[in-house]
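Chemist: Quick one: structure below, then a few questions.
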Amino acid sequence: MENGNGLKIMENGLNLKLQNGTHWGFRGNRDLDTPPEITIRGVLGMLKDTLEPADPRPTIPLGHGDPSCFPSFRTAEVAEKAVADALHSANFNSYAPTAGLPSARRAVAEHLSVDLPYKLSVDDVYITIGCTQAIEVALSVLARPGANILLPRPGFPVYEARAAYSHLEIRFFDLLPEKGWDVDLDAIEDLADENTVAMVIINPGNPCGNVFTYQHLEKVAETARKLGFLVISDEVYHHLTFGSKPFVPMGVFGDIVPVLTLGSISKRWIVPGWRVGWLVINDPSGILKKTRIVDCIKGYLNISADPATFIQGALPQILEKTKEDFFQKIINMLKNTSDICDQRLKEIDCITCPHKAEGSMFVMVKMNLGLLEDIKDDMDFCFKLAKEESVIVLPGVVVGLKNWLRITFAIDPCFLEDGLGRLKAFCHRHSKHE
Ligand SMILES: *Cc1c(COP(=O)(O)O)cnc(C)c1O
C-alpha cells in the first residue's frame with residue numbers, strides 16, 4: 001500500500017513498504033542517562049571551556065577529526081588553485097541549480113564510477129553542503145510516520161539527531177569490537193521489521209577506524225535485500241585506509257540492494273571548511289526509479305540552501321587534477337600517526353585498544369575504570385584530562401559507548417606524541433596504588 005506522501009518499493013524482492021503508522025515519537029534506545037542533545041561539537045566545546053588558561057603548554061586536540069590547521073596536512077595545491085580559478089573566472093557568481101552544477105555532478109559521477117562495476121550518470125548525483133547535508137537529505141526523505149532506521153553503535157551522532165528531528169524511530173545495531181567492529185548482522189534480523197526504511201554504515205569507520213571487507217559488505221547488502229530496506233553508506237573517509245584492507249564502496253553491491261552513498265571532499269582533501277559533498281544513488285537495477293524517492297530528494301533540495309557556486313565550479317578540477325602523491329602523503333602520515341597512537345596506548349594500563357585503526361582518523365579504546373582511583377566515568381575522565389593536561393579527547397558516550405574514548409590520531413606527530421605522553425602521565429597519576 002502507498003501512503004499520502006507515497007514511498008513504496010516492492011520490486012525485485014525489496015519491500016520498502018511504508019504504512020500510515022501511529023508512532024511519531026523519538027524512541028532511541030541509547031542509555032537513559034545520556035541526554036539526546038549530546039553531540040560531538042557540543043561536548044568538545046564544553047571540554048575547551050574546561051582548559052586551564054594558566055597551563056603554558058599547547059592544547060593537544062585529540063578530540064575532533066580536522067587536521068587542516070597543521071601545515072603537514074595542508075590540502076593539495078591544485079585544489080586551492082581550482083577554487084581560486086573558479087572564483088576569478090566570474091563564471092560562478094550565480095545561483096546553481098538546486099541539484100548542483102551539472103559539471104560538478106558529472107565530475108562526481110566519473111570520480112566514483114572508477115571504483116564501481118557500472119557507470120553512474122549525472123542524474124545519480126546530488127551536490128550537497130558537505131556530507132552533513134547529504135545525511136540531512138537522506139534521512140528527511142526517508143522519514144514517514146511509523147518508519148524506523150537502523151543505526152550503528154558506536155556511531156556518528158548526527159544521524160541520531162537528524163533522525164530524531166525527522167521523527168524517524170531509531171534502532172541501534174552493534175558494531176563488534178572482537179570482530180574488528182564488523183556489523184552484528186544477526187541482530188539486524190531481529191531489529192528490522194516492515195517499517196524499516198534503511199540501515200546506515202560508515203566505511204571507513206568513524207568512530208572505530210575500521211574498514212569493512214568486500215565479503216562483509218556483500219553480507220550487509222544481502223541482509224538488507226532480504227529484509228527489504230536501503231543501505232545508506234557514509235563514505236566521507238573514502239580511500240583513507242592504511243591497513244591491509246582496501247576501501248570498497250558499498251555501491252559495488254548496488255545490484256543487490258539500492259545504496260545511497262554519502263560523501264564529501266572534507267576528509268580526503270582535508271578541507272572541511274569548503275562545505276561541498278554529495279548524495280549519490282547507486283541503483284543500477286533501477287529499483288528506486290519506480291518510487292518517489294528521487295522526486296523527494298529533488299523536492300527537498302529545491303527548498304534547501306546550496307554549497308557556494310564557485311566551490312561547485314572548482315569541483316571538477318579538484319577531483320580530476322589532484323595527484324596520487326598528495327593522497328599517498330596523507331595516507332602515509334595517517335599510517336605513521338596511527339602506529340604511534342597504537343604503540344603509546346599499549347604503554348597505558350587503564351586503556352585497551354581492541355582493534356587498531358585501519359582507516360579514517362580515529363580509534364576507539366576502552367577504559368578500565370577498576371584501575372583508576374578517582375574517575376567516575378568517561379565524561380569525568382575527559383573533563384579532568386582537559387583541566388589537568390590540556391589534552392582534549394572525546395568521551396565514548398557521545399558516540400554511543402559509555403566508558404570508552406575516541407582518540408583522533410590525525411594531528412602532527414610531535415603533538416600526538418606530546419598528547420599521548422600527557423595522557424599516560426594523567427592515567428598514572430590517577431591509578432590505584434596498592
Ligand atoms: C565528518 C563526518 C561527516 C561530515 O562531513 P562534512 O563533509 O564535513 O559535512 C559525516 N559523516 C561522518 C562519519 C564524518 O566523520
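How things are named: the first chain in the C-alpha cells is A, the next is B, and so on; residues count from 1 in each chain; ligands count from 1 in the order shown.
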Return as a Markdown table the residues of chain A lying at most 10 Å from ligand 1, together with the closest atom-to-atom pair for each and the distance in Å to one decimal, counting only C-alpha atoms and all ligand atoms, with rows in chain order and ascending residue number.
Modeler:
```
| residue | atom | partner | partner_atom_place_in_ligand_line | distance |
| --- | --- | --- | --- | --- |
| A:His64 | CA | ligand 1 | 1 (C) | 8.9 |
| A:Gly65 | CA | ligand 1 | 1 (C) | 7.0 |
| A:Asp66 | CA | ligand 1 | 1 (C) | 8.2 |
| A:Thr128 | CA | ligand 1 | 9 (O) | 8.7 |
| A:Ile129 | CA | ligand 1 | 9 (O) | 6.6 |
| A:Gly130 | CA | ligand 1 | 7 (O) | 3.5 |
| A:Cys131 | CA | ligand 1 | 7 (O) | 3.8 |
| A:Thr132 | CA | ligand 1 | 9 (O) | 3.7 |
| A:Gln133 | CA | ligand 1 | 9 (O) | 6.5 |
| A:Ala134 | CA | ligand 1 | 9 (O) | 7.9 |
| A:Ile135 | CA | ligand 1 | 10 (C) | 7.4 |
| A:Gly155 | CA | ligand 1 | 13 (C) | 7.7 |
| A:Phe156 | CA | ligand 1 | 13 (C) | 5.6 |
| A:Pro157 | CA | ligand 1 | 13 (C) | 8.8 |
| A:Val158 | CA | ligand 1 | 11 (N) | 7.7 |
| A:Tyr159 | CA | ligand 1 | 11 (N) | 8.5 |
| A:Ile201 | CA | ligand 1 | 13 (C) | 9.0 |
| A:Ile202 | CA | ligand 1 | 13 (C) | 5.9 |
| A:Asn203 | CA | ligand 1 | 13 (C) | 8.0 |
| A:Pro204 | CA | ligand 1 | 13 (C) | 8.4 |
| A:Gly205 | CA | ligand 1 | 13 (C) | 6.9 |
| A:Asn206 | CA | ligand 1 | 13 (C) | 5.1 |
| A:Pro207 | CA | ligand 1 | 13 (C) | 7.6 |
| A:Ser233 | CA | ligand 1 | 13 (C) | 9.6 |
| A:Asp234 | CA | ligand 1 | 11 (N) | 6.1 |
| A:Glu235 | CA | ligand 1 | 13 (C) | 7.4 |
| A:Val236 | CA | ligand 1 | 11 (N) | 5.8 |
| A:Tyr237 | CA | ligand 1 | 15 (O) | 7.3 |
| A:Leu262 | CA | ligand 1 | 10 (C) | 8.0 |
| A:Gly263 | CA | ligand 1 | 7 (O) | 6.6 |
| A:Ser264 | CA | ligand 1 | 7 (O) | 4.7 |
| A:Ile265 | CA | ligand 1 | 7 (O) | 6.5 |
| A:Ser266 | CA | ligand 1 | 7 (O) | 4.7 |
| A:Lys267 | CA | ligand 1 | 1 (C) | 6.8 |
| A:Arg268 | CA | ligand 1 | 7 (O) | 9.8 |
| A:Ile270 | CA | ligand 1 | 8 (O) | 9.5 |
| A:Val271 | CA | ligand 1 | 8 (O) | 8.2 |
| A:Pro272 | CA | ligand 1 | 8 (O) | 4.8 |
| A:Gly273 | CA | ligand 1 | 8 (O) | 7.3 |
| A:Trp274 | CA | ligand 1 | 8 (O) | 8.4 |
| A:Arg275 | CA | ligand 1 | 7 (O) | 6.1 |
| A:Val276 | CA | ligand 1 | 7 (O) | 6.4 |
| A:Gly277 | CA | ligand 1 | 7 (O) | 5.7 |
| A:Trp278 | CA | ligand 1 | 7 (O) | 8.6 |
| A:Ser360 | CA | ligand 1 | 15 (O) | 8.1 |
| A:Met361 | CA | ligand 1 | 15 (O) | 8.6 |
| A:Phe362 | CA | ligand 1 | 15 (O) | 9.3 |
```
Chemist: Check which residues of range 54-167 of chain A sit at most 10 Å from range 244-259 of chain A using only C-alpha atoms, and return one row each with the closest pair of atoms and their distance in Å to one decimal, ordered by chain and rising number, as CSV.
Modeler:
```
residue,atom,partner,partner_atom,distance
A:Leu112,CA,A:Pro249,CA,8.7
A:Ser113,CA,A:Gly251,CA,9.3
A:Asp115,CA,A:Pro249,CA,7.2
A:Leu116,CA,A:Val252,CA,5.4
A:Pro117,CA,A:Val252,CA,6.4
A:Tyr118,CA,A:Val252,CA,8.3
A:Leu120,CA,A:Gly251,CA,9.9
```
Chemist: Can you write just those residues out, C-alpha atoms, as an mmCIF file, in the first residue's frame?
Modeler:
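The result, written out as selection-v3.cif:
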```
data_model
loop_
_atom_site.group_PDB
_atom_site.id
_atom_site.type_symbol
_atom_site.label_atom_id
_atom_site.label_comp_id
_atom_site.auth_asym_id
_atom_site.auth_seq_id
_atom_site.Cartn_x
_atom_site.Cartn_y
_atom_site.Cartn_z
ATOM 1 C CA LEU A 112 33.106 7.473 -8.093
ATOM 2 C CA SER A 113 32.477 5.262 -11.138
ATOM 3 C CA ASP A 115 35.627 2.052 -8.281
ATOM 4 C CA LEU A 116 32.304 0.585 -9.490
ATOM 5 C CA PRO A 117 31.384 -2.245 -11.882
ATOM 6 C CA TYR A 118 28.931 0.115 -13.684
ATOM 7 C CA LEU A 120 27.000 6.403 -12.560
#
```
Chemist: Using only C-alpha atoms, which residues sit within 8 Å of Ala138 in chain A once same-chain residues fewer than 2 positions away are excluded, as a VMD selection string?
Modeler: chain A and resid 134 to 136 140 to 142 232 260 279 297
Chemist: Take the residues just selected and output them with all heavy atoms as a compact mmCIF listing (two decimals), in the first residue's frame.
Modeler:
```txt
# COMPACT_ATOMS: atom_id res chain seq x y z
N ALA A 134 24.09 15.88 3.10
CA ALA A 134 23.67 14.63 2.45
C ALA A 134 22.95 13.74 3.47
O ALA A 134 21.96 13.08 3.14
CB ALA A 134 24.89 13.92 1.86
N ILE A 135 23.44 13.73 4.71
CA ILE A 135 22.77 12.96 5.78
C ILE A 135 21.36 13.53 6.01
O ILE A 135 20.38 12.79 6.09
CB ILE A 135 23.59 13.03 7.10
CG1 ILE A 135 24.96 12.38 6.93
CG2 ILE A 135 22.81 12.39 8.25
CD1 ILE A 135 25.91 12.57 8.12
N GLU A 136 21.31 14.85 6.08
CA GLU A 136 20.03 15.51 6.31
C GLU A 136 19.02 15.15 5.22
O GLU A 136 17.87 14.77 5.51
CB GLU A 136 20.24 17.03 6.34
CG GLU A 136 18.96 17.83 6.46
CD GLU A 136 19.19 19.33 6.20
OE1 GLU A 136 20.29 19.82 6.50
OE2 GLU A 136 18.26 19.98 5.70
N SER A 140 15.75 12.82 5.84
CA SER A 140 14.49 13.57 5.72
C SER A 140 13.56 12.93 4.69
O SER A 140 12.36 12.85 4.91
CB SER A 140 14.75 15.03 5.34
OG SER A 140 15.57 15.64 6.29
N VAL A 141 14.12 12.50 3.56
CA VAL A 141 13.24 11.97 2.52
C VAL A 141 12.74 10.56 2.87
O VAL A 141 11.72 10.11 2.35
CB VAL A 141 13.87 11.96 1.11
CG1 VAL A 141 14.30 13.36 0.71
CG2 VAL A 141 15.02 10.99 1.00
N LEU A 142 13.44 9.87 3.76
CA LEU A 142 13.00 8.51 4.13
C LEU A 142 12.01 8.52 5.29
O LEU A 142 11.33 7.53 5.53
CB LEU A 142 14.22 7.65 4.50
CG LEU A 142 15.11 7.26 3.32
CD1 LEU A 142 16.39 6.60 3.82
CD2 LEU A 142 14.37 6.33 2.35
N ILE A 232 22.30 3.05 3.51
CA ILE A 232 22.92 4.37 3.42
C ILE A 232 24.38 4.18 3.81
O ILE A 232 24.67 3.73 4.92
CB ILE A 232 22.24 5.37 4.38
CG1 ILE A 232 20.78 5.58 3.97
CG2 ILE A 232 22.99 6.70 4.39
CD1 ILE A 232 19.98 6.46 4.92
N LEU A 260 22.37 4.45 -1.04
CA LEU A 260 22.59 5.89 -1.07
C LEU A 260 23.99 6.12 -0.52
O LEU A 260 24.25 5.83 0.65
CB LEU A 260 21.56 6.65 -0.23
CG LEU A 260 20.08 6.49 -0.62
CD1 LEU A 260 19.21 7.38 0.27
CD2 LEU A 260 19.85 6.82 -2.08
N LEU A 279 25.35 13.38 -2.45
CA LEU A 279 24.48 12.23 -2.18
C LEU A 279 24.33 11.54 -3.53
O LEU A 279 23.98 12.18 -4.52
CB LEU A 279 23.12 12.72 -1.66
CG LEU A 279 22.09 11.64 -1.31
CD1 LEU A 279 21.10 12.20 -0.29
CD2 LEU A 279 21.31 11.16 -2.52
N ILE A 297 13.96 13.66 -3.10
CA ILE A 297 15.29 14.28 -2.96
C ILE A 297 15.31 15.62 -3.70
O ILE A 297 15.74 16.64 -3.16
CB ILE A 297 16.39 13.33 -3.51
CG1 ILE A 297 16.51 12.10 -2.61
CG2 ILE A 297 17.73 14.06 -3.62
CD1 ILE A 297 17.43 11.01 -3.15
```
Chemist: Find the residues near range 309-322 of chain A: any atom within 7 Å, counting only C-alpha atoms, skip ones fewer than 6 places away on the same chain, and give them as a list in words.
Modeler: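 Near range 309-322 of chain A, the qualifying residues are Ala76, Val78, Ala79, Ala82, Val83, Ala86, Leu87, Phe92, Asn93, Ser94, Tyr95, Ala96, Leu101, Ser103, Ala104, Ala107 and His111 of chain A.
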Chemist: Can you pull out every residue within 12 Å of His433 in chain A, counting only C-alpha atoms, but drop anything in the same chain fewer than 4 positions away, and send it as a ChimeraX atom specification?
Modeler: /A:370-374,427-429
Chemist: Do a neighbour search on Asp174 in chain A at 6 Å with only C-alpha atoms, toss out local chain neighbours closer than 2 positions, and write the hits as number ranges by chain.
Modeler: A: 152-153, 184
Chemist: Between A:His216, A:Lys179, A:Arg171, A:Lys335, single out the one closest to Met199 in chain A, counting only C-alpha atoms.
Modeler: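 Among A:His216, A:Lys179, A:Arg171, A:Lys335, it is A:Arg171 that comes nearest to Met199 in chain A.
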Chemist: My list of candidates is A:Val391, A:Leu44, A:Ala84, A:Ala357. Which is closest to Asn210 in chain A when distances are computed with only C-alpha atoms?
Modeler: A:Ala357
Chemist: Using DSSP secondary structure from the backbone, list all helix (DSSP H, G or I) positions within range 214-398 of chain A, as a ChimeraX atom specification.
Modeler: /A:214-227,250-253,272-274,288-290,293-302,309-321,324-346,369-371,378-389,396-398
Chemist: Between CA of Thr261 in chain A and CA of Ala198 in chain A, what is the distance, to one decimal in Å?
Modeler: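 Spanning CA of Thr261 in chain A to CA of Ala198 in chain A is a straight-line distance of 12.3 Å.
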